[in-house]
Amino acid sequence: MRSITLLFIVIILMADVYAKSKMGPTLTNYGPILPVANMDVPLPEDFKYKAVFDVATTASEIDAHSRRLESVARFINMHTDRGVALDDMHLAVVIHGKAAKDILTDEAYAAKFDTENPNRELIQSLAKLGVRFYICGQTSDFSDYQRKDILPEVAIALSAMTQLVILQSEGYALLP
């Protein structure tokens, strides 16, 4: 009974957070954000945001999009909502481990999971905004993914470790 009560409370709290969130302004289908009314720390003016998202986990359901990839959309929406220009955001995503399935074409994804890739549209939308995507070549080869299996928006790197080092040496902040 205690477990059921706790679950019920969690569901109510999640519904409340979702009701207060909003989409957009840049990506209207992804990346819900909450308004922060009383910020103590203002965003710096003329700041260039350079961030690399290290993505190794994925949704447990094969037909659900990755919350880790949606975090990139949230980052964009949070900042454009506060007036940060897209040109002032330089974002990259390095994908490895279990998350490798998220960058498959619909055909390759369907061959493995009998459904289209739920992350394709999100990745394509982010890439159109200038987000760069990389797949760990070690993970890709280990998973036997061929170039034809991988979305064209995703570049194959030698390894996630290598690409993370390169991007950080270029001034990208690591968001694990």
# chains A, B, ... in the order shown; residues from 1 in each chain; ligands from 1
>>> residues_around(residues="segment 19-34 of chain A", least_positions_apart="5", cutoff="7 Å", atoms="only C-alpha atoms", output="mmCIF file with N, CA and C atoms, in the first residue's frame")
data_model
loop_
_atom_site.group_PDB
_atom_site.id
_atom_site.type_symbol
_atom_site.label_atom_id
_atom_site.label_comp_id
_atom_site.auth_asym_id
_atom_site.auth_seq_id
_atom_site.Cartn_x
_atom_site.Cartn_y
_atom_site.Cartn_z
ATOM 1 N N GLU A 70 16.768 14.917 -25.833
ATOM 2 C CA GLU A 70 15.826 16.020 -25.637
ATOM 3 C C GLU A 70 16.423 17.109 -24.744
ATOM 4 N N SER A 71 17.397 16.757 -23.908
ATOM 5 C CA SER A 71 18.079 17.762 -23.087
ATOM 6 C C SER A 71 18.766 18.814 -23.958
ATOM 7 N N ALA A 73 17.604 19.878 -26.822
ATOM 8 C CA ALA A 73 16.496 20.763 -27.215
ATOM 9 C C ALA A 73 16.113 21.680 -26.050
ATOM 10 N N ARG A 74 16.104 21.154 -24.845
ATOM 11 C CA ARG A 74 15.802 21.975 -23.662
ATOM 12 C C ARG A 74 16.837 23.083 -23.505
ATOM 13 N N ASN A 77 16.005 25.709 -26.094
ATOM 14 C CA ASN A 77 14.773 26.429 -25.759
ATOM 15 C C ASN A 77 14.938 27.332 -24.538
ATOM 16 N N MET A 78 15.637 26.845 -23.503
ATOM 17 C CA MET A 78 15.845 27.668 -22.307
ATOM 18 C C MET A 78 16.567 28.965 -22.654
ATOM 19 N N THR A 80 17.172 30.391 -25.831
ATOM 20 C CA THR A 80 16.524 31.288 -26.795
ATOM 21 C C THR A 80 15.325 31.974 -26.147
ATOM 22 N N ASP A 81 14.681 31.307 -25.198
ATOM 23 C CA ASP A 81 13.576 31.928 -24.460
ATOM 24 C C ASP A 81 14.058 33.147 -23.665
#
>>> closest_atom_pairs(of="segment 30-83 of chain A", to="segment 88-106 of chain A", cutoff="9 Å", atoms="only C-alpha atoms", output="JSON lines")
{"residue": "A:Asp46", "atom": "CA", "partner": "A:Asp88", "partner_atom": "CA", "distance": 7.9}
{"residue": "A:Phe47", "atom": "CA", "partner": "A:Asp88", "partner_atom": "CA", "distance": 6.9}
{"residue": "A:Lys48", "atom": "CA", "partner": "A:Asp88", "partner_atom": "CA", "distance": 4.7}
{"residue": "A:Tyr49", "atom": "CA", "partner": "A:Met89", "partner_atom": "CA", "distance": 4.7}
{"residue": "A:Lys50", "atom": "CA", "partner": "A:His90", "partner_atom": "CA", "distance": 4.7}
{"residue": "A:Ala51", "atom": "CA", "partner": "A:Leu91", "partner_atom": "CA", "distance": 5.1}
{"residue": "A:Val52", "atom": "CA", "partner": "A:Ala92", "partner_atom": "CA", "distance": 4.6}
{"residue": "A:Phe53", "atom": "CA", "partner": "A:Val93", "partner_atom": "CA", "distance": 4.7}
{"residue": "A:Asp54", "atom": "CA", "partner": "A:Val94", "partner_atom": "CA", "distance": 5.2}
{"residue": "A:Val55", "atom": "CA", "partner": "A:Ile95", "partner_atom": "CA", "distance": 4.8}
{"residue": "A:Ala56", "atom": "CA", "partner": "A:His96", "partner_atom": "CA", "distance": 5.0}
{"residue": "A:Thr57", "atom": "CA", "partner": "A:Ala99", "partner_atom": "CA", "distance": 5.0}
{"residue": "A:Thr58", "atom": "CA", "partner": "A:Ala99", "partner_atom": "CA", "distance": 4.9}
{"residue": "A:Ala59", "atom": "CA", "partner": "A:Ala99", "partner_atom": "CA", "distance": 8.3}
{"residue": "A:His65", "atom": "CA", "partner": "A:Asp102", "partner_atom": "CA", "distance": 8.0}
{"residue": "A:Ser66", "atom": "CA", "partner": "A:Asp102", "partner_atom": "CA", "distance": 7.4}
{"residue": "A:Leu69", "atom": "CA", "partner": "A:Val93", "partner_atom": "CA", "distance": 8.2}
{"residue": "A:Val72", "atom": "CA", "partner": "A:Leu91", "partner_atom": "CA", "distance": 8.1}
{"residue": "A:Ile76", "atom": "CA", "partner": "A:Met89", "partner_atom": "CA", "distance": 7.9}
{"residue": "A:His79", "atom": "CA", "partner": "A:Met89", "partner_atom": "CA", "distance": 8.8}
>>> write_last_selection(atoms="N, CA, C and O atoms", output="CSV table (one decimal), in the first residue's frame")
chain,number,residue,atom,x,y,z
A,46,ASP,N,26.7,38.8,-24.5
A,46,ASP,CA,27.7,38.5,-25.5
A,46,ASP,C,28.5,37.3,-25.1
A,46,ASP,O,29.7,37.2,-25.5
A,47,PHE,N,27.8,36.3,-24.5
A,47,PHE,CA,28.5,35.1,-24.1
A,47,PHE,C,28.3,34.1,-25.2
A,47,PHE,O,27.2,34.0,-25.8
A,48,LYS,N,29.3,33.3,-25.5
A,48,LYS,CA,29.2,32.2,-26.5
A,48,LYS,C,29.2,30.9,-25.8
A,48,LYS,O,30.1,30.5,-25.0
A,49,TYR,N,28.1,30.2,-25.9
A,49,TYR,CA,27.9,28.9,-25.2
A,49,TYR,C,28.5,27.8,-26.1
A,49,TYR,O,28.0,27.6,-27.2
A,50,LYS,N,29.4,27.1,-25.6
A,50,LYS,CA,30.0,26.0,-26.3
A,50,LYS,C,29.9,24.8,-25.3
A,50,LYS,O,30.5,24.7,-24.3
A,51,ALA,N,29.1,23.8,-25.7
A,51,ALA,CA,28.8,22.7,-24.8
A,51,ALA,C,28.8,21.4,-25.7
A,51,ALA,O,28.3,21.4,-26.8
A,52,VAL,N,29.3,20.3,-25.1
A,52,VAL,CA,29.2,19.0,-25.7
A,52,VAL,C,28.5,18.1,-24.7
A,52,VAL,O,28.8,18.0,-23.5
A,53,PHE,N,27.4,17.5,-25.2
A,53,PHE,CA,26.6,16.5,-24.4
A,53,PHE,C,27.2,15.1,-24.6
A,53,PHE,O,27.3,14.7,-25.8
A,54,ASP,N,27.5,14.5,-23.5
A,54,ASP,CA,28.0,13.1,-23.6
A,54,ASP,C,26.8,12.2,-23.3
A,54,ASP,O,26.3,12.1,-22.2
A,55,VAL,N,26.4,11.5,-24.4
A,55,VAL,CA,25.2,10.7,-24.3
A,55,VAL,C,25.5,9.2,-24.5
A,55,VAL,O,25.9,8.8,-25.5
A,56,ALA,N,25.3,8.5,-23.4
A,56,ALA,CA,25.6,7.0,-23.4
A,56,ALA,C,24.3,6.2,-23.0
A,56,ALA,O,24.3,5.0,-23.1
A,57,THR,N,23.3,6.9,-22.5
A,57,THR,CA,22.1,6.1,-22.1
A,57,THR,C,20.9,6.5,-23.1
A,57,THR,O,21.0,7.5,-23.8
A,58,THR,N,19.9,5.7,-23.0
A,58,THR,CA,18.8,5.8,-23.9
A,58,THR,C,17.5,5.5,-23.2
A,58,THR,O,17.5,5.0,-22.1
A,59,ALA,N,16.4,5.7,-23.9
A,59,ALA,CA,15.1,5.3,-23.3
A,59,ALA,C,15.0,3.8,-23.3
A,59,ALA,O,15.5,3.1,-24.1
A,65,HIS,N,11.5,8.5,-27.5
A,65,HIS,CA,12.7,9.2,-27.8
A,65,HIS,C,13.6,9.4,-26.5
A,65,HIS,O,13.1,9.3,-25.4
A,66,SER,N,14.8,9.6,-26.8
A,66,SER,CA,15.8,9.8,-25.7
A,66,SER,C,15.7,11.1,-24.9
A,66,SER,O,15.7,12.1,-25.5
A,69,LEU,N,18.8,13.1,-25.4
A,69,LEU,CA,18.8,13.9,-26.6
A,69,LEU,C,17.9,15.1,-26.5
A,69,LEU,O,18.2,16.2,-27.0
A,72,VAL,N,19.2,18.4,-25.1
A,72,VAL,CA,19.9,19.4,-26.0
A,72,VAL,C,18.8,20.4,-26.5
A,72,VAL,O,19.0,21.6,-26.6
A,76,ILE,N,18.6,24.5,-25.8
A,76,ILE,CA,18.3,25.6,-26.8
A,76,ILE,C,17.1,26.4,-26.5
A,76,ILE,O,17.1,27.6,-26.5
A,79,HIS,N,17.6,28.8,-23.5
A,79,HIS,CA,18.4,30.0,-23.8
A,79,HIS,C,17.8,30.9,-24.8
A,79,HIS,O,17.9,32.2,-24.6
>>> closest_residue(among="A:Met161, A:Leu175, A:Ala111, A:Ile62", to="Ile135 of chain A", atoms="only C-alpha atoms")
A:Met161
>>> atom_distance(atom1="atom CA of Gln163 of chain A", atom2="atom CA of Pro44 of chain A")
27.8 Å
>>> select_by_dssp(residues="chain A", states="strand (DSSP E)", output="MDAnalysis selection string")
chainID A and resid 49:55 89:95 132:136 154:157 173:175
>>> atom_distance(atom1="atom CA of Gly137 of chain A", atom2="atom CA of Ala160 of chain A")
7.5 Å
>>> select_by_dssp(residues="segment 50-79 of chain A", states="alpha helix (DSSP H)", output="PyMOL selection string")
chain A and resi 67-79
>>> write_last_selection(atoms="C-alpha atoms", output="PDB file, in the first residue's frame")
ATOM      1  CA  ARG A  67      15.457  12.179 -22.804  1.00  0.00           C
ATOM      2  CA  ARG A  68      19.215  12.769 -23.023  1.00  0.00           C
ATOM      3  CA  LEU A  69      18.836  13.947 -26.628  1.00  0.00           C
ATOM      4  CA  GLU A  70      15.826  16.020 -25.637  1.00  0.00           C
ATOM      5  CA  SER A  71      18.079  17.762 -23.087  1.00  0.00           C
ATOM      6  CA  VAL A  72      19.850  19.374 -26.041  1.00  0.00           C
ATOM      7  CA  ALA A  73      16.496  20.763 -27.215  1.00  0.00           C
ATOM      8  CA  ARG A  74      15.802  21.975 -23.662  1.00  0.00           C
ATOM      9  CA  PHE A  75      19.168  23.753 -23.595  1.00  0.00           C
ATOM     10  CA  ILE A  76      18.320  25.552 -26.830  1.00  0.00           C
ATOM     11  CA  ASN A  77      14.773  26.429 -25.759  1.00  0.00           C
ATOM     12  CA  MET A  78      15.845  27.668 -22.307  1.00  0.00           C
ATOM     13  CA  HIS A  79      18.416  29.996 -23.763  1.00  0.00           C
TER      14      HIS A  79
END
>>> decode(residues="segment 133-173 of chain A", atoms="N, CA and C atoms", output="mmCIF file, in the first residue's frame")
data_model
loop_
_atom_site.group_PDB
_atom_site.id
_atom_site.type_symbol
_atom_site.label_atom_id
_atom_site.label_comp_id
_atom_site.auth_asym_id
_atom_site.auth_seq_id
_atom_site.Cartn_x
_atom_site.Cartn_y
_atom_site.Cartn_z
ATOM 1 N N PHE A 133 26.552 16.173 -34.406
ATOM 2 C CA PHE A 133 26.398 14.849 -33.807
ATOM 3 C C PHE A 133 27.554 13.950 -34.204
ATOM 4 N N TYR A 134 28.035 13.179 -33.221
ATOM 5 C CA TYR A 134 29.112 12.219 -33.444
ATOM 6 C C TYR A 134 28.734 10.892 -32.799
ATOM 7 N N ILE A 135 29.031 9.802 -33.492
ATOM 8 C CA ILE A 135 28.867 8.467 -32.917
ATOM 9 C C ILE A 135 30.264 7.903 -32.687
ATOM 10 N N CYS A 136 30.436 7.252 -31.578
ATOM 11 C CA CYS A 136 31.687 6.581 -31.258
ATOM 12 C C CYS A 136 31.911 5.465 -32.288
ATOM 13 N N GLY A 137 33.018 5.530 -33.004
ATOM 14 C CA GLY A 137 33.323 4.506 -33.995
ATOM 15 C C GLY A 137 33.529 3.138 -33.373
ATOM 16 N N GLN A 138 34.035 3.109 -32.147
ATOM 17 C CA GLN A 138 34.223 1.837 -31.447
ATOM 18 C C GLN A 138 32.857 1.193 -31.174
ATOM 19 N N THR A 139 31.917 1.989 -30.678
ATOM 20 C CA THR A 139 30.566 1.487 -30.419
ATOM 21 C C THR A 139 29.893 1.067 -31.716
ATOM 22 N N SER A 140 30.040 1.904 -32.737
ATOM 23 C CA SER A 140 29.423 1.626 -34.025
ATOM 24 C C SER A 140 29.932 0.309 -34.599
ATOM 25 N N ASP A 141 31.246 0.122 -34.591
ATOM 26 C CA ASP A 141 31.811 -1.119 -35.122
ATOM 27 C C ASP A 141 31.435 -2.323 -34.261
ATOM 28 N N PHE A 142 31.478 -2.155 -32.934
ATOM 29 C CA PHE A 142 31.106 -3.242 -32.035
ATOM 30 C C PHE A 142 29.652 -3.663 -32.271
ATOM 31 N N SER A 143 28.789 -2.674 -32.547
ATOM 32 C CA SER A 143 27.364 -2.949 -32.784
ATOM 33 C C SER A 143 27.091 -3.379 -34.215
ATOM 34 N N ASP A 144 28.139 -3.410 -35.047
ATOM 35 C CA ASP A 144 28.045 -3.783 -36.457
ATOM 36 C C ASP A 144 27.130 -2.845 -37.240
ATOM 37 N N TYR A 145 27.179 -1.534 -36.915
ATOM 38 C CA TYR A 145 26.441 -0.533 -37.672
ATOM 39 C C TYR A 145 27.321 -0.041 -38.808
ATOM 40 N N GLN A 146 26.795 -0.117 -40.002
ATOM 41 C CA GLN A 146 27.490 0.371 -41.185
ATOM 42 C C GLN A 146 27.124 1.840 -41.399
ATOM 43 N N ARG A 147 27.895 2.541 -42.207
ATOM 44 C CA ARG A 147 27.597 3.962 -42.500
ATOM 45 C C ARG A 147 26.163 4.113 -42.983
ATOM 46 N N LYS A 148 25.683 3.176 -43.817
ATOM 47 C CA LYS A 148 24.326 3.239 -44.363
ATOM 48 C C LYS A 148 23.252 3.113 -43.285
ATOM 49 N N ASP A 149 23.613 2.569 -42.123
ATOM 50 C CA ASP A 149 22.671 2.391 -41.020
ATOM 51 C C ASP A 149 22.535 3.639 -40.153
ATOM 52 N N ILE A 150 23.444 4.574 -40.331
ATOM 53 C CA ILE A 150 23.548 5.737 -39.451
ATOM 54 C C ILE A 150 22.982 6.968 -40.155
ATOM 55 N N LEU A 151 22.198 7.760 -39.408
ATOM 56 C CA LEU A 151 21.626 8.976 -39.971
ATOM 57 C C LEU A 151 22.726 9.856 -40.575
ATOM 58 N N PRO A 152 22.457 10.489 -41.711
ATOM 59 C CA PRO A 152 23.487 11.306 -42.364
ATOM 60 C C PRO A 152 23.917 12.521 -41.534
ATOM 61 N N GLU A 153 23.123 12.929 -40.567
ATOM 62 C CA GLU A 153 23.465 14.067 -39.705
ATOM 63 C C GLU A 153 24.526 13.711 -38.669
ATOM 64 N N VAL A 154 24.877 12.432 -38.581
ATOM 65 C CA VAL A 154 25.791 11.952 -37.550
ATOM 66 C C VAL A 154 27.121 11.551 -38.179
ATOM 67 N N ALA A 155 28.209 12.130 -37.668
ATOM 68 C CA ALA A 155 29.556 11.797 -38.131
ATOM 69 C C ALA A 155 30.120 10.664 -37.275
ATOM 70 N N ILE A 156 30.864 9.780 -37.902
ATOM 71 C CA ILE A 156 31.504 8.686 -37.171
ATOM 72 C C ILE A 156 32.896 9.155 -36.734
ATOM 73 N N ALA A 157 33.141 9.129 -35.424
ATOM 74 C CA ALA A 157 34.434 9.512 -34.857
ATOM 75 C C ALA A 157 35.223 8.253 -34.519
ATOM 76 N N LEU A 158 36.513 8.392 -34.290
ATOM 77 C CA LEU A 158 37.316 7.246 -33.881
ATOM 78 C C LEU A 158 36.748 6.622 -32.613
ATOM 79 N N SER A 159 36.475 7.456 -31.629
ATOM 80 C CA SER A 159 35.882 6.985 -30.376
ATOM 81 C C SER A 159 35.205 8.159 -29.686
ATOM 82 N N ALA A 160 34.329 7.860 -28.760
ATOM 83 C CA ALA A 160 33.699 8.911 -27.955
ATOM 84 C C ALA A 160 34.762 9.630 -27.139
ATOM 85 N N MET A 161 35.683 8.877 -26.555
ATOM 86 C CA MET A 161 36.734 9.482 -25.739
ATOM 87 C C MET A 161 37.542 10.488 -26.552
ATOM 88 N N THR A 162 37.929 10.080 -27.761
ATOM 89 C CA THR A 162 38.719 10.958 -28.624
ATOM 90 C C THR A 162 37.941 12.222 -28.964
ATOM 91 N N GLN A 163 36.695 12.072 -29.362
ATOM 92 C CA GLN A 163 35.902 13.232 -29.774
ATOM 93 C C GLN A 163 35.636 14.170 -28.598
ATOM 94 N N LEU A 164 35.429 13.613 -27.412
ATOM 95 C CA LEU A 164 35.232 14.457 -26.227
ATOM 96 C C LEU A 164 36.495 15.255 -25.906
ATOM 97 N N VAL A 165 37.653 14.634 -26.037
ATOM 98 C CA VAL A 165 38.916 15.338 -25.800
ATOM 99 C C VAL A 165 39.100 16.453 -26.831
ATOM 100 N N ILE A 166 38.840 16.162 -28.090
ATOM 101 C CA ILE A 166 38.993 17.156 -29.148
ATOM 102 C C ILE A 166 38.078 18.353 -28.890
ATOM 103 N N LEU A 167 36.810 18.082 -28.636
ATOM 104 C CA LEU A 167 35.856 19.177 -28.435
ATOM 105 C C LEU A 167 36.188 19.997 -27.191
ATOM 106 N N GLN A 168 36.596 19.321 -26.119
ATOM 107 C CA GLN A 168 36.964 20.068 -24.912
ATOM 108 C C GLN A 168 38.222 20.917 -25.158
ATOM 109 N N SER A 169 39.142 20.422 -25.974
ATOM 110 C CA SER A 169 40.334 21.226 -26.288
ATOM 111 C C SER A 169 39.976 22.437 -27.136
ATOM 112 N N GLU A 170 38.825 22.389 -27.814
ATOM 113 C CA GLU A 170 38.334 23.508 -28.608
ATOM 114 C C GLU A 170 37.474 24.458 -27.771
ATOM 115 N N GLY A 171 37.394 24.211 -26.468
ATOM 116 C CA GLY A 171 36.660 25.106 -25.576
ATOM 117 C C GLY A 171 35.238 24.703 -25.268
ATOM 118 N N TYR A 172 34.826 23.513 -25.668
ATOM 119 C CA TYR A 172 33.490 23.038 -25.335
ATOM 120 C C TYR A 172 33.456 22.547 -23.893
ATOM 121 N N ALA A 173 32.433 22.967 -23.164
ATOM 122 C CA ALA A 173 32.243 22.482 -21.788
ATOM 123 C C ALA A 173 31.528 21.141 -21.860
#
